[in-house]
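Notes follow once the structure below has been shown.
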Amino acid sequence: MPQVHQELSGELHVQPHPHTGGWLVGPCSDRAEPSWHATVNEAERAASREAAISGRRRILIHDRYARVRAITPRAGSRT
């Protein structure tokens with residue numbers, strides 16, 4: 001499984017899976033298993049839910065062209 005960047009700084013990462021065409025959501029840690037999603041929209045929604053539950057302050061979306069954009073989850077958002 002490809003490594004997903006995870007830090008204790010409160011960031012959650014959404015990254016493309018290189019072999020399946022899906023998307024991985026998770027913090028970057030050897031202990032955490034990222035969740036897999038079929039589309040980037042599903043992955044962003046899952047990341048927003050996880051951020052609301054875990055209190056993470058920022059979500060980093062990595063696209064298939066190595067670009068990264070940051071989004072800040074809304075407090076209490078569980079969409």
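Identifiers in this document derive from the order of the structure tokens: chains are assigned A, B, ..., residues are numbered from 1 separately in each chain, and ligands are numbered from 1 in order of occurrence.
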**OP:** Please provide as number ranges by chain all residues within 8 Å of range 33-45 of chain A, with the sequence filter that same-chain residues fewer than 5 positions apart are discarded (counting only C-alpha atoms).
**Re:** A: 4, 14, 21-27, 61, 79
**OP:** From range 24-62 of chain A, collect each residue whose DSSP state is helix (DSSP H, G or I) and return the set as a VMD selection string.
**Re:** chain A and resid 40 to 54
Now that the selection is made, can you save its residues with C-alpha atoms as a PDB file, in the first residue's frame?
```
ATOM      1  CA  VAL A  40     -11.936  12.398  -5.217  1.00  0.00           C
ATOM      2  CA  ASN A  41     -15.333  13.842  -4.176  1.00  0.00           C
ATOM      3  CA  GLU A  42     -16.031  10.813  -1.962  1.00  0.00           C
ATOM      4  CA  ALA A  43     -12.524  11.123  -0.516  1.00  0.00           C
ATOM      5  CA  GLU A  44     -12.965  14.840   0.242  1.00  0.00           C
ATOM      6  CA  ARG A  45     -16.278  14.183   1.998  1.00  0.00           C
ATOM      7  CA  ALA A  46     -14.698  11.365   4.019  1.00  0.00           C
ATOM      8  CA  ALA A  47     -11.761  13.617   4.930  1.00  0.00           C
ATOM      9  CA  SER A  48     -14.167  16.357   6.072  1.00  0.00           C
ATOM     10  CA  ARG A  49     -16.049  13.885   8.265  1.00  0.00           C
ATOM     11  CA  GLU A  50     -12.809  12.533   9.729  1.00  0.00           C
ATOM     12  CA  ALA A  51     -11.504  16.048  10.387  1.00  0.00           C
ATOM     13  CA  ALA A  52     -14.721  16.970  12.210  1.00  0.00           C
ATOM     14  CA  ILE A  53     -14.492  13.847  14.382  1.00  0.00           C
ATOM     15  CA  SER A  54     -10.744  13.950  15.058  1.00  0.00           C
TER      16      SER A  54
END
```
